[in-house]
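Everything below belongs to data29.txt, which stores compact mmCIF, C-alpha atoms.
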```txt
# COMPACT_ATOMS: atom_id res chain seq x y z
CA MET A 1035 15.99 17.48 2.86
CA THR A 1036 18.54 14.73 3.51
CA ASN A 1037 18.92 11.02 3.12
CA GLY A 1038 19.14 8.88 6.22
CA ASP A 1039 22.93 9.13 6.25
CA GLY A 1040 22.79 12.93 6.34
CA SER A 1041 23.85 13.43 2.71
CA ALA A 1042 21.90 15.70 0.39
CA TYR A 1043 18.74 14.16 -1.05
CA GLY A 1044 18.55 13.82 -4.80
CA SER A 1045 18.17 11.50 -7.77
CA ALA A 1046 20.10 8.27 -7.42
CA TYR A 1047 18.54 6.33 -10.26
CA GLY A 1048 21.29 6.66 -12.85
CA GLY A 1049 21.89 3.57 -14.93
CA ASP A 1050 20.34 0.98 -12.64
CA ASP A 1051 17.93 -1.52 -14.13
CA PRO A 1052 14.30 -0.45 -13.70
CA TYR A 1053 12.61 -1.51 -10.49
CA ASP A 1054 9.87 -4.09 -10.62
CA LEU A 1055 7.87 -1.94 -8.22
CA ILE A 1056 8.15 1.56 -6.78
CA THR A 1057 5.58 2.56 -4.19
CA MET A 1058 5.00 6.06 -2.86
CA GLY A 1059 3.51 7.39 0.35
CA ARG A 1060 2.97 6.47 3.96
CA ILE A 1061 5.57 5.06 6.32
CA GLY A 1062 5.61 4.84 10.09
CA VAL A 1063 6.08 2.70 13.16
CA ASP A 1064 3.20 0.32 13.93
CA LEU A 1065 2.73 -0.52 17.61
CA TYR A 1066 0.54 -3.57 18.33
CA PRO A 1067 -0.45 -4.95 21.75
CA LEU A 1068 1.19 -8.33 22.09
CA LYS A 1069 -2.02 -9.70 23.61
CA THR A 1070 -5.07 -9.64 21.35
CA GLY A 1071 -8.49 -8.53 22.55
CA VAL A 1072 -7.04 -6.01 25.00
CA PRO A 1073 -8.01 -2.30 24.86
CA LEU A 1074 -5.06 0.04 24.41
CA ALA A 1075 -5.77 1.57 27.80
CA GLU A 1076 -5.06 -1.80 29.39
CA ALA A 1077 -2.20 -2.98 27.15
CA ASP A 1078 1.26 -2.90 28.71
CA THR A 1079 3.44 -4.65 26.12
CA PHE A 1080 3.70 -3.78 22.44
CA GLY A 1081 5.49 -5.01 19.35
CA LYS A 1082 7.21 -2.46 17.12
CA PHE A 1083 7.01 -2.94 13.35
CA LEU A 1084 7.63 -1.17 10.07
CA GLY A 1085 4.28 0.13 8.81
CA GLY A 1086 2.47 2.27 6.26
CA SER A 1087 0.38 0.72 3.51
CA PRO A 1088 2.51 1.47 0.41
CA THR A 1089 5.64 0.57 2.36
CA ASN A 1090 4.13 -2.79 3.29
CA VAL A 1091 3.18 -3.40 -0.35
CA ALA A 1092 6.85 -2.93 -1.29
CA VAL A 1093 7.85 -5.40 1.45
CA ALA A 1094 5.23 -7.91 0.28
CA ALA A 1095 6.49 -7.81 -3.31
CA ALA A 1096 10.12 -8.05 -2.17
CA ARG A 1097 9.25 -11.19 -0.22
CA LEU A 1098 7.99 -12.64 -3.51
CA GLY A 1099 11.30 -11.94 -5.20
CA ARG A 1100 10.66 -8.53 -6.74
CA ARG A 1101 13.09 -5.61 -6.81
CA THR A 1102 11.28 -2.82 -4.96
CA ALA A 1103 11.75 0.67 -3.58
CA VAL A 1104 9.58 3.17 -1.73
CA ILE A 1105 9.41 6.95 -2.08
CA THR A 1106 8.65 8.31 1.36
CA ARG A 1107 9.92 10.49 4.23
CA THR A 1108 10.62 9.96 7.92
CA GLY A 1109 11.54 12.25 10.76
CA ALA A 1110 15.21 12.90 11.54
CA ASP A 1111 14.91 10.78 14.66
CA PRO A 1112 15.64 7.26 15.95
CA PHE A 1113 12.32 5.93 14.67
CA GLY A 1114 13.24 7.10 11.17
CA ALA A 1115 16.58 5.32 11.43
CA TYR A 1116 14.73 2.19 12.58
CA LEU A 1117 12.41 2.30 9.56
CA ARG A 1118 15.24 2.64 7.05
CA ALA A 1119 17.08 -0.26 8.68
CA GLU A 1120 13.93 -2.35 8.44
CA LEU A 1121 13.47 -1.48 4.77
CA ARG A 1122 16.99 -2.63 4.01
CA ALA A 1123 16.50 -5.82 6.04
CA PHE A 1124 13.39 -6.62 3.99
CA GLY A 1125 15.28 -6.01 0.73
CA VAL A 1126 13.44 -2.77 -0.11
CA ASP A 1127 15.63 0.03 -1.49
CA ASP A 1128 15.52 2.98 0.93
CA ARG A 1129 17.37 5.51 -1.28
CA TRP A 1130 14.23 7.69 -1.50
CA ALA A 1131 13.29 7.42 2.18
CA GLY A 1132 14.74 10.81 3.14
CA GLU A 1133 14.46 12.70 6.41
CA VAL A 1134 12.44 15.83 7.16
CA ALA A 1135 13.85 17.95 9.96
CA GLY A 1136 11.42 19.16 12.59
CA LEU A 1137 8.68 16.57 11.99
CA PRO A 1138 8.49 13.34 14.04
CA THR A 1139 8.26 9.93 12.45
CA PRO A 1140 4.59 8.85 12.67
CA LEU A 1141 3.35 6.21 15.08
CA THR A 1142 0.23 4.12 14.58
CA PHE A 1143 -1.41 2.18 17.41
CA CYS A 1144 -3.85 -0.62 16.73
CA GLU A 1145 -6.35 -2.36 18.95
CA VAL A 1146 -6.60 -6.02 17.97
CA PHE A 1147 -10.03 -7.55 18.43
CA PRO A 1148 -10.41 -10.55 16.08
CA PRO A 1149 -12.12 -11.41 13.87
CA ASP A 1150 -13.12 -8.05 12.43
CA HIS A 1151 -12.47 -5.08 14.73
CA PHE A 1152 -9.09 -3.37 14.36
CA PRO A 1153 -9.37 0.37 15.10
CA LEU A 1154 -6.31 2.46 14.21
CA TYR A 1155 -5.00 5.53 16.00
CA PHE A 1156 -2.70 7.64 13.81
CA TYR A 1157 -0.16 9.97 15.44
CA ARG A 1158 0.84 12.15 12.49
CA GLN A 1159 0.92 15.61 14.07
CA PRO A 1160 1.79 18.37 13.46
CA LYS A 1161 2.30 16.81 10.03
CA ALA A 1162 3.67 13.50 8.82
CA PRO A 1163 7.03 13.66 7.02
CA ASP A 1164 5.61 11.49 4.21
CA SER A 1165 3.12 14.31 3.54
CA GLU A 1166 6.06 16.59 2.85
CA ILE A 1167 7.25 14.87 -0.34
CA ARG A 1168 7.72 17.68 -2.86
CA PRO A 1169 7.45 17.35 -6.64
CA ASP A 1170 11.05 18.48 -7.25
CA GLU A 1171 12.33 15.70 -4.99
CA VAL A 1172 10.75 12.79 -6.89
CA ASP A 1173 13.06 10.89 -9.22
CA LEU A 1174 10.67 10.98 -12.16
CA GLU A 1175 13.06 9.06 -14.40
CA ALA A 1176 12.99 6.10 -12.04
CA VAL A 1177 9.22 6.35 -11.57
CA ARG A 1178 8.72 6.42 -15.33
CA ALA A 1179 10.98 3.40 -15.83
CA ALA A 1180 9.53 1.18 -13.07
CA ARG A 1181 7.51 -1.78 -14.29
CA VAL A 1182 4.88 -1.02 -11.65
CA PHE A 1183 4.22 2.26 -9.84
CA TRP A 1184 1.89 2.15 -6.80
CA MET A 1185 0.38 5.25 -5.16
CA THR A 1186 -2.40 5.74 -2.63
CA GLY A 1187 -5.32 7.97 -1.81
CA THR A 1188 -3.55 9.19 1.31
CA GLY A 1189 -0.86 10.72 -0.88
CA LEU A 1190 -3.55 12.99 -2.33
CA SER A 1191 -4.86 14.18 1.03
CA VAL A 1192 -2.54 17.16 1.60
CA GLU A 1193 0.08 19.32 -0.07
CA PRO A 1194 2.86 19.05 -1.12
CA SER A 1195 2.43 15.25 -1.24
CA ARG A 1196 -0.62 15.70 -3.48
CA SER A 1197 1.30 17.61 -6.15
CA ALA A 1198 4.24 15.20 -5.91
CA THR A 1199 1.96 12.18 -6.34
CA LEU A 1200 0.20 13.73 -9.33
CA ALA A 1201 3.55 14.70 -10.87
CA ALA A 1202 4.66 11.07 -10.59
CA LEU A 1203 1.44 9.88 -12.22
CA GLU A 1204 1.77 12.40 -15.03
CA ALA A 1205 5.39 11.37 -15.60
CA ARG A 1206 4.24 7.76 -15.96
CA SER A 1207 1.62 8.78 -18.56
CA LYS A 1208 0.02 5.33 -18.08
CA ALA A 1209 3.29 3.56 -18.92
CA GLY A 1210 3.61 0.03 -17.66
CA ILE A 1211 1.33 -0.81 -14.72
CA THR A 1212 0.25 2.20 -12.66
CA VAL A 1213 -1.79 1.25 -9.60
CA PHE A 1214 -4.03 3.58 -7.62
CA ASP A 1215 -4.73 2.07 -4.19
CA LEU A 1216 -7.86 4.01 -3.20
CA ASP A 1217 -6.77 3.77 0.48
CA TRP A 1218 -9.44 6.02 2.04
CA ARG A 1219 -8.37 7.29 5.48
CA PRO A 1220 -10.85 10.06 6.33
CA MET A 1221 -8.99 11.06 9.50
CA LEU A 1222 -6.05 12.15 7.33
CA TRP A 1223 -8.12 14.56 5.19
CA ASP A 1224 -9.29 18.04 6.07
CA ALA A 1225 -13.02 17.80 6.74
CA ASP A 1226 -13.62 20.65 4.29
CA GLU A 1227 -11.51 19.11 1.51
CA PRO A 1228 -13.55 17.08 -1.02
CA ALA A 1229 -11.61 13.95 -1.99
CA ARG A 1230 -13.61 12.99 -5.09
CA PRO A 1231 -12.04 15.50 -7.54
CA TRP A 1232 -8.52 14.37 -6.62
CA TYR A 1233 -9.48 10.70 -6.85
CA GLU A 1234 -11.02 11.31 -10.27
CA ARG A 1235 -7.88 13.05 -11.49
CA ALA A 1236 -5.66 10.19 -10.30
CA LEU A 1237 -7.94 7.57 -11.86
CA ARG A 1238 -7.50 9.21 -15.26
CA LEU A 1239 -3.73 8.67 -14.90
CA ALA A 1240 -3.77 5.11 -13.51
CA THR A 1241 -4.16 1.75 -15.26
CA VAL A 1242 -5.28 -0.28 -12.21
CA ALA A 1243 -7.53 0.70 -9.29
CA VAL A 1244 -7.79 -1.33 -6.08
CA GLY A 1245 -10.24 -0.67 -3.25
CA ASN A 1246 -13.01 -1.93 -1.00
CA ALA A 1247 -16.66 -0.88 -1.20
CA GLU A 1248 -16.26 2.22 0.97
CA GLU A 1249 -13.19 3.36 -0.98
CA CYS A 1250 -14.93 2.81 -4.30
CA ALA A 1251 -17.83 4.92 -3.07
CA VAL A 1252 -15.46 7.78 -2.23
CA ALA A 1253 -13.83 7.54 -5.64
CA THR A 1254 -16.90 7.00 -7.82
CA GLY A 1255 -20.09 7.24 -5.76
CA GLU A 1256 -20.72 3.51 -6.28
CA SER A 1257 -20.32 0.85 -3.58
CA GLU A 1258 -22.12 -2.17 -5.09
CA PRO A 1259 -19.17 -4.24 -6.40
CA TYR A 1260 -20.21 -4.58 -10.05
CA ALA A 1261 -21.37 -0.99 -10.30
CA ALA A 1262 -18.16 0.17 -8.61
CA ALA A 1263 -16.00 -1.83 -11.01
CA ARG A 1264 -17.84 -0.37 -14.00
CA ALA A 1265 -17.48 3.14 -12.59
CA LEU A 1266 -13.74 2.69 -12.06
CA LEU A 1267 -13.30 1.50 -15.65
CA ALA A 1268 -15.33 4.46 -16.87
CA ALA A 1269 -13.09 6.76 -14.81
CA GLY A 1270 -10.08 5.69 -16.87
CA VAL A 1271 -8.39 2.54 -15.54
CA GLU A 1272 -7.96 -0.71 -17.48
CA LEU A 1273 -8.38 -3.05 -14.49
CA ALA A 1274 -10.69 -2.52 -11.50
CA VAL A 1275 -10.17 -4.70 -8.41
CA VAL A 1276 -12.92 -4.51 -5.80
CA LYS A 1277 -12.14 -6.20 -2.48
CA ARG A 1278 -15.23 -7.70 -0.84
CA GLY A 1279 -13.86 -8.93 2.50
CA PRO A 1280 -15.43 -12.27 3.46
CA LEU A 1281 -17.00 -12.52 -0.01
CA GLY A 1282 -13.64 -12.52 -1.80
CA VAL A 1283 -12.63 -10.22 -4.63
CA LEU A 1284 -14.09 -9.06 -7.93
CA ALA A 1285 -12.00 -7.83 -10.86
CA ALA A 1286 -13.16 -6.37 -14.15
CA HIS A 1287 -10.95 -5.56 -17.14
CA ARG A 1288 -11.65 -3.10 -19.93
CA ASP A 1289 -11.51 -5.99 -22.42
CA GLY A 1290 -14.71 -7.38 -20.90
CA THR A 1291 -13.13 -10.01 -18.64
CA THR A 1292 -14.75 -10.32 -15.21
CA VAL A 1293 -13.42 -12.62 -12.51
CA GLU A 1294 -14.73 -13.41 -9.03
CA VAL A 1295 -12.50 -15.30 -6.60
CA PRO A 1296 -13.66 -16.56 -3.19
CA PRO A 1297 -11.64 -15.84 -0.06
CA VAL A 1298 -9.20 -18.27 1.51
CA PRO A 1299 -10.66 -19.43 4.85
CA VAL A 1300 -8.63 -17.98 7.69
CA THR A 1301 -8.64 -17.68 11.47
CA VAL A 1302 -8.10 -13.94 11.76
CA VAL A 1303 -5.56 -12.62 14.24
CA ASN A 1304 -5.06 -9.15 12.75
CA GLY A 1305 -6.70 -8.14 9.47
CA LEU A 1306 -4.80 -4.89 8.96
CA GLY A 1307 -1.91 -6.08 6.80
CA ALA A 1308 -3.95 -8.42 4.63
CA GLY A 1309 -4.70 -5.76 2.02
CA ASP A 1310 -1.03 -4.85 1.70
CA ALA A 1311 -0.06 -8.50 1.22
CA PHE A 1312 -2.83 -8.72 -1.38
CA GLY A 1313 -1.36 -5.66 -3.13
CA GLY A 1314 2.18 -7.01 -3.24
CA ALA A 1315 1.00 -10.34 -4.60
CA LEU A 1316 -1.26 -8.58 -7.12
CA CYS A 1317 1.77 -6.71 -8.45
CA HIS A 1318 3.76 -9.95 -8.55
CA GLY A 1319 1.09 -11.70 -10.61
CA LEU A 1320 0.63 -8.80 -12.99
CA LEU A 1321 4.39 -8.62 -13.53
CA ALA A 1322 4.51 -12.36 -14.17
CA GLY A 1323 1.82 -12.04 -16.83
CA TRP A 1324 -0.45 -14.56 -15.14
CA GLU A 1325 -4.10 -14.89 -16.03
CA LEU A 1326 -6.27 -12.66 -13.87
CA GLU A 1327 -7.87 -15.47 -11.88
CA ARG A 1328 -4.49 -16.96 -10.94
CA THR A 1329 -3.22 -13.55 -9.90
CA LEU A 1330 -6.23 -12.93 -7.67
CA ARG A 1331 -6.03 -16.37 -6.07
CA HIS A 1332 -2.39 -15.75 -5.16
CA ALA A 1333 -3.25 -12.30 -3.83
CA ASN A 1334 -6.09 -13.71 -1.71
CA ALA A 1335 -3.82 -16.41 -0.30
CA ALA A 1336 -1.11 -13.89 0.59
CA GLY A 1337 -3.68 -11.70 2.33
CA ALA A 1338 -5.09 -14.64 4.28
CA ILE A 1339 -1.64 -15.62 5.54
CA VAL A 1340 -1.03 -12.13 6.92
CA ALA A 1341 -4.50 -11.96 8.47
CA SER A 1342 -3.59 -15.10 10.45
CA ARG A 1343 -0.55 -13.34 11.98
CA LEU A 1344 -0.20 -10.42 14.39
CA ALA A 1345 2.12 -8.06 12.51
CA CYS A 1346 2.02 -6.56 9.02
CA SER A 1347 5.50 -6.14 7.50
CA THR A 1348 7.16 -9.10 9.22
CA ALA A 1349 4.13 -11.25 8.41
CA MET A 1350 4.40 -10.85 4.64
CA PRO A 1351 4.68 -14.34 3.13
CA PHE A 1352 7.34 -15.80 0.88
CA ALA A 1353 6.35 -17.41 -2.40
CA ALA A 1354 6.62 -20.96 -1.02
CA GLU A 1355 4.18 -20.13 1.78
CA VAL A 1356 1.62 -18.80 -0.69
CA GLU A 1357 2.00 -21.88 -2.90
CA GLU A 1358 1.57 -24.14 0.13
CA VAL A 1359 -1.71 -22.48 1.05
CA LEU A 1360 -2.97 -22.70 -2.53
CA ALA A 1361 -1.94 -26.34 -2.80
CA GLY A 1362 -3.68 -27.20 0.46
CA ALA A 1363 -6.80 -25.21 -0.46
CA GLY A 1364 -7.94 -25.71 3.13
CA GLY A 1365 -7.41 -22.26 4.54
CA VAL A 1366 -4.94 -20.77 6.98
```
Take the structure from the file and write it as structure tokens.
Amino acid sequence: MTNGDGSAYGSAYGGDDPYDLITMGRIGVDLYPLKTGVPLAEADTFGKFLGGSPTNVAVAAARLGRRTAVITRTGADPFGAYLRAELRAFGVDDRWAGEVAGLPTPLTFCEVFPPDHFPLYFYRQPKAPDSEIRPDEVDLEAVRAARVFWMTGTGLSVEPSRSATLAALEARSKAGITVFDLDWRPMLWDADEPARPWYERALRLATVAVGNAEECAVATGESEPYAAARALLAAGVELAVVKRGPLGVLAAHRDGTTVEVPPVPVTVVNGLGAGDAFGGALCHGLLAGWELERTLRHANAAGAIVASRLACSTAMPFAAEVEEVLAGAGGV
């Protein structure tokens, strides 16, 4: 295992100040047709972007002024070099974005059919490098010290990433804010591998859970928003955030607080990065110590901005853009 510059991979945390946010998991190159509403078979021009949900969350938080890093892996190829360069350009520390020899950097194609149809095609064969994160490679000291640690359901889908993700969660021991993005991608799981036991184990180690109705059902068996929120709290987290698409978002805290926030009206161009923008803004608000309703309104606004744009990573809004949307209260 090597870093992107060819040097040996290892702990680089040392005496640095703790990160505001460390995310862990998927990275890849997103390829989007530059014309919306066109099937991939007919598309002839594409935009190339940094992608991968936890990577985009780190970008989103960096755009809001947070010090972020991502624990991930790429192939030892030009696409991997591109991704590390993009991370640095976005202000995300790439020290833990090492290379895996022999495995290509993943590509993800998306068909863009607004307002609500965005099928994804993952090219992660024979195996994605970010699935090859091993427990002994994770800088547990840095993970433990981070103010927020963010992991995803995809990180639990296969070994050795599963063991590495659980090791990071166990090292945290619920310190600070530990977010489990339920992130259900069935195409990335073995059909014979039940996800529920691994989701339940991760929920016992997290303090915040974030997911939509389908993801909540995978994790808890409940898809009705209030029932899902209660089930997530019962599973071990302190804050359950249930995304409801056009109905907004519901959040329930262990202290009995329940908040519902409506969506920000938006003309959708590409809905895929909206959840990642929501996640980065959620972390920002939790770090700032805002009241839950304010945090969710900011997260909704950030998600709406990205949904109104074609790309994911490059579309992540800056703080002033989010404030402008909230001040206008008229949608995007």
Query raised in the report: So which residues touch Ala1285 (chain A) within 6 Å, counting all atoms listed in the file, skipping near sequence neighbours fewer than 4 positions away, as a PyMOL selection string?
Result: chain A and resi 1274-1275+1292-1293
So that each row is one residue of region 1194-1241 of chain A with an atom at most 8 Å from region 1252-1259 of chain A, can you give its shortest atom pair and the distance in Å to one decimal, using all atoms listed in the file, rows by chain and rising number, as JSON lines?
```
{"residue": "A:Leu1216", "atom": "CA", "partner": "A:Ala1253", "partner_atom": "CA", "distance": 7.4}
{"residue": "A:Trp1218", "atom": "CA", "partner": "A:Val1252", "partner_atom": "CA", "distance": 7.6}
{"residue": "A:Ala1229", "atom": "CA", "partner": "A:Val1252", "partner_atom": "CA", "distance": 7.3}
{"residue": "A:Arg1230", "atom": "CA", "partner": "A:Ala1253", "partner_atom": "CA", "distance": 5.5}
{"residue": "A:Tyr1233", "atom": "CA", "partner": "A:Ala1253", "partner_atom": "CA", "distance": 5.5}
{"residue": "A:Glu1234", "atom": "CA", "partner": "A:Ala1253", "partner_atom": "CA", "distance": 6.6}
```
Requested in this report: Within 12 Å of Ser1165 (chain A), counting all atoms listed in the file, which residues show up once you throw out same-chain ones fewer than 6 positions away? Write them as a PyMOL selection string, please.
Outcome: chain A and resi 1058-1062+1105-1109+1133-1134+1137-1140+1158-1159+1186-1199+1222-1223
Requested in this report: Could you check which of A:Ala1345, A:Ala1225, A:Leu1203, A:Leu1316 is closest to Val1063 (chain A), using all atoms listed in the file?
Outcome: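 Distance minimum relative to Val1063 (chain A) lands on A:Ala1345.
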Query - Two-atom distance - CA of Asp1310 (chain A), CA of Ala1335 (chain A) (Å) - result: 12.1 Å
Requested in this report: For Ala1209 (chain A), work out the shell of residues within 9 Å, counting only C-alpha atoms and skipping chain neighbours fewer than 3 positions away, then give it as a list of chain:residue names.
Outcome: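 Contacts, in chain order: A:Arg1178, A:Ala1179, A:Ala1180, A:Arg1181, A:Val1182, A:Ala1205, A:Arg1206, A:Thr1212, A:Thr1241.
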Query raised in the report: How many Å lie between CA of Ile1211 (chain A) and CA of Asn1334 (chain A), rounded to one decimal?
Result: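 A separation of 19.8 Å between them.
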Can we get region 1208-1283 of chain A of that structure written down with C-alpha atoms, as a PDB file, in the first residue's frame?
```pdb
ATOM      1  CA  LYS A1208     -19.055   7.085  20.689  1.00  0.00           C
ATOM      2  CA  ALA A1209     -16.653   9.983  21.273  1.00  0.00           C
ATOM      3  CA  GLY A1210     -17.658  13.283  19.765  1.00  0.00           C
ATOM      4  CA  ILE A1211     -20.130  13.000  16.870  1.00  0.00           C
ATOM      5  CA  THR A1212     -20.053   9.646  15.070  1.00  0.00           C
ATOM      6  CA  VAL A1213     -22.332   9.545  12.029  1.00  0.00           C
ATOM      7  CA  PHE A1214     -23.593   6.416  10.306  1.00  0.00           C
ATOM      8  CA  ASP A1215     -24.836   7.296   6.809  1.00  0.00           C
ATOM      9  CA  LEU A1216     -27.052   4.279   6.084  1.00  0.00           C
ATOM     10  CA  ASP A1217     -26.168   4.608   2.357  1.00  0.00           C
ATOM     11  CA  TRP A1218     -27.847   1.430   1.058  1.00  0.00           C
ATOM     12  CA  ARG A1219     -26.429   0.368  -2.328  1.00  0.00           C
ATOM     13  CA  PRO A1220     -27.734  -3.176  -2.886  1.00  0.00           C
ATOM     14  CA  MET A1221     -25.679  -3.675  -6.053  1.00  0.00           C
ATOM     15  CA  LEU A1222     -22.512  -3.439  -3.932  1.00  0.00           C
ATOM     16  CA  TRP A1223     -23.526  -6.266  -1.555  1.00  0.00           C
ATOM     17  CA  ASP A1224     -23.352  -9.986  -2.145  1.00  0.00           C
ATOM     18  CA  ALA A1225     -26.926 -11.178  -2.679  1.00  0.00           C
ATOM     19  CA  ASP A1226     -26.401 -13.854  -0.019  1.00  0.00           C
ATOM     20  CA  GLU A1227     -24.970 -11.434   2.569  1.00  0.00           C
ATOM     21  CA  PRO A1228     -27.580 -10.093   5.033  1.00  0.00           C
ATOM     22  CA  ALA A1229     -26.916  -6.412   5.702  1.00  0.00           C
ATOM     23  CA  ARG A1230     -29.082  -6.005   8.814  1.00  0.00           C
ATOM     24  CA  PRO A1231     -26.676  -7.568  11.359  1.00  0.00           C
ATOM     25  CA  TRP A1232     -23.828  -5.309  10.231  1.00  0.00           C
ATOM     26  CA  TYR A1233     -26.062  -2.235  10.247  1.00  0.00           C
ATOM     27  CA  GLU A1234     -27.231  -3.098  13.759  1.00  0.00           C
ATOM     28  CA  ARG A1235     -23.653  -3.473  14.967  1.00  0.00           C
ATOM     29  CA  ALA A1236     -22.648  -0.104  13.498  1.00  0.00           C
ATOM     30  CA  LEU A1237     -25.715   1.623  14.960  1.00  0.00           C
ATOM     31  CA  ARG A1238     -24.659   0.520  18.448  1.00  0.00           C
ATOM     32  CA  LEU A1239     -21.356   2.365  17.899  1.00  0.00           C
ATOM     33  CA  ALA A1240     -22.712   5.555  16.277  1.00  0.00           C
ATOM     34  CA  THR A1241     -24.292   8.658  17.800  1.00  0.00           C
ATOM     35  CA  VAL A1242     -26.108   9.902  14.665  1.00  0.00           C
ATOM     36  CA  ALA A1243     -27.883   7.943  11.916  1.00  0.00           C
ATOM     37  CA  VAL A1244     -28.908   9.480   8.587  1.00  0.00           C
ATOM     38  CA  GLY A1245     -30.982   7.757   5.906  1.00  0.00           C
ATOM     39  CA  ASN A1246     -34.044   7.733   3.692  1.00  0.00           C
ATOM     40  CA  ALA A1247     -37.051   5.445   4.111  1.00  0.00           C
ATOM     41  CA  GLU A1248     -35.574   2.553   2.141  1.00  0.00           C
ATOM     42  CA  GLU A1249     -32.275   2.762   4.038  1.00  0.00           C
ATOM     43  CA  CYS A1250     -34.055   2.899   7.382  1.00  0.00           C
ATOM     44  CA  ALA A1251     -35.990  -0.216   6.421  1.00  0.00           C
ATOM     45  CA  VAL A1252     -32.754  -2.068   5.676  1.00  0.00           C
ATOM     46  CA  ALA A1253     -31.279  -0.988   8.999  1.00  0.00           C
ATOM     47  CA  THR A1254     -34.307  -1.435  11.258  1.00  0.00           C
ATOM     48  CA  GLY A1255     -37.218  -2.982   9.345  1.00  0.00           C
ATOM     49  CA  GLU A1256     -39.164   0.295   9.634  1.00  0.00           C
ATOM     50  CA  SER A1257     -39.801   2.692   6.744  1.00  0.00           C
ATOM     51  CA  GLU A1258     -42.557   4.963   8.115  1.00  0.00           C
ATOM     52  CA  PRO A1259     -40.558   8.052   9.165  1.00  0.00           C
ATOM     53  CA  TYR A1260     -41.605   8.280  12.825  1.00  0.00           C
ATOM     54  CA  ALA A1261     -41.361   4.547  13.365  1.00  0.00           C
ATOM     55  CA  ALA A1262     -37.972   4.507  11.625  1.00  0.00           C
ATOM     56  CA  ALA A1263     -36.667   7.341  13.798  1.00  0.00           C
ATOM     57  CA  ARG A1264     -37.804   5.548  16.956  1.00  0.00           C
ATOM     58  CA  ALA A1265     -36.200   2.309  15.770  1.00  0.00           C
ATOM     59  CA  LEU A1266     -32.894   4.048  15.060  1.00  0.00           C
ATOM     60  CA  LEU A1267     -32.882   5.589  18.541  1.00  0.00           C
ATOM     61  CA  ALA A1268     -33.668   2.200  20.041  1.00  0.00           C
ATOM     62  CA  ALA A1269     -30.764   0.729  18.055  1.00  0.00           C
ATOM     63  CA  GLY A1270     -28.331   2.975  19.917  1.00  0.00           C
ATOM     64  CA  VAL A1271     -27.927   6.412  18.311  1.00  0.00           C
ATOM     65  CA  GLU A1272     -28.694   9.734  20.001  1.00  0.00           C
ATOM     66  CA  LEU A1273     -29.986  11.516  16.879  1.00  0.00           C
ATOM     67  CA  ALA A1274     -31.976   9.949  14.027  1.00  0.00           C
ATOM     68  CA  VAL A1275     -32.327  11.923  10.780  1.00  0.00           C
ATOM     69  CA  VAL A1276     -34.848  10.539   8.296  1.00  0.00           C
ATOM     70  CA  LYS A1277     -34.784  12.137   4.842  1.00  0.00           C
ATOM     71  CA  ARG A1278     -38.230  12.267   3.225  1.00  0.00           C
ATOM     72  CA  GLY A1279     -37.441  13.647  -0.242  1.00  0.00           C
ATOM     73  CA  PRO A1280     -40.141  16.104  -1.358  1.00  0.00           C
ATOM     74  CA  LEU A1281     -41.650  16.030   2.146  1.00  0.00           C
ATOM     75  CA  GLY A1282     -38.505  17.397   3.790  1.00  0.00           C
ATOM     76  CA  VAL A1283     -36.690  15.855   6.733  1.00  0.00           C
TER      77      VAL A1283
END
```
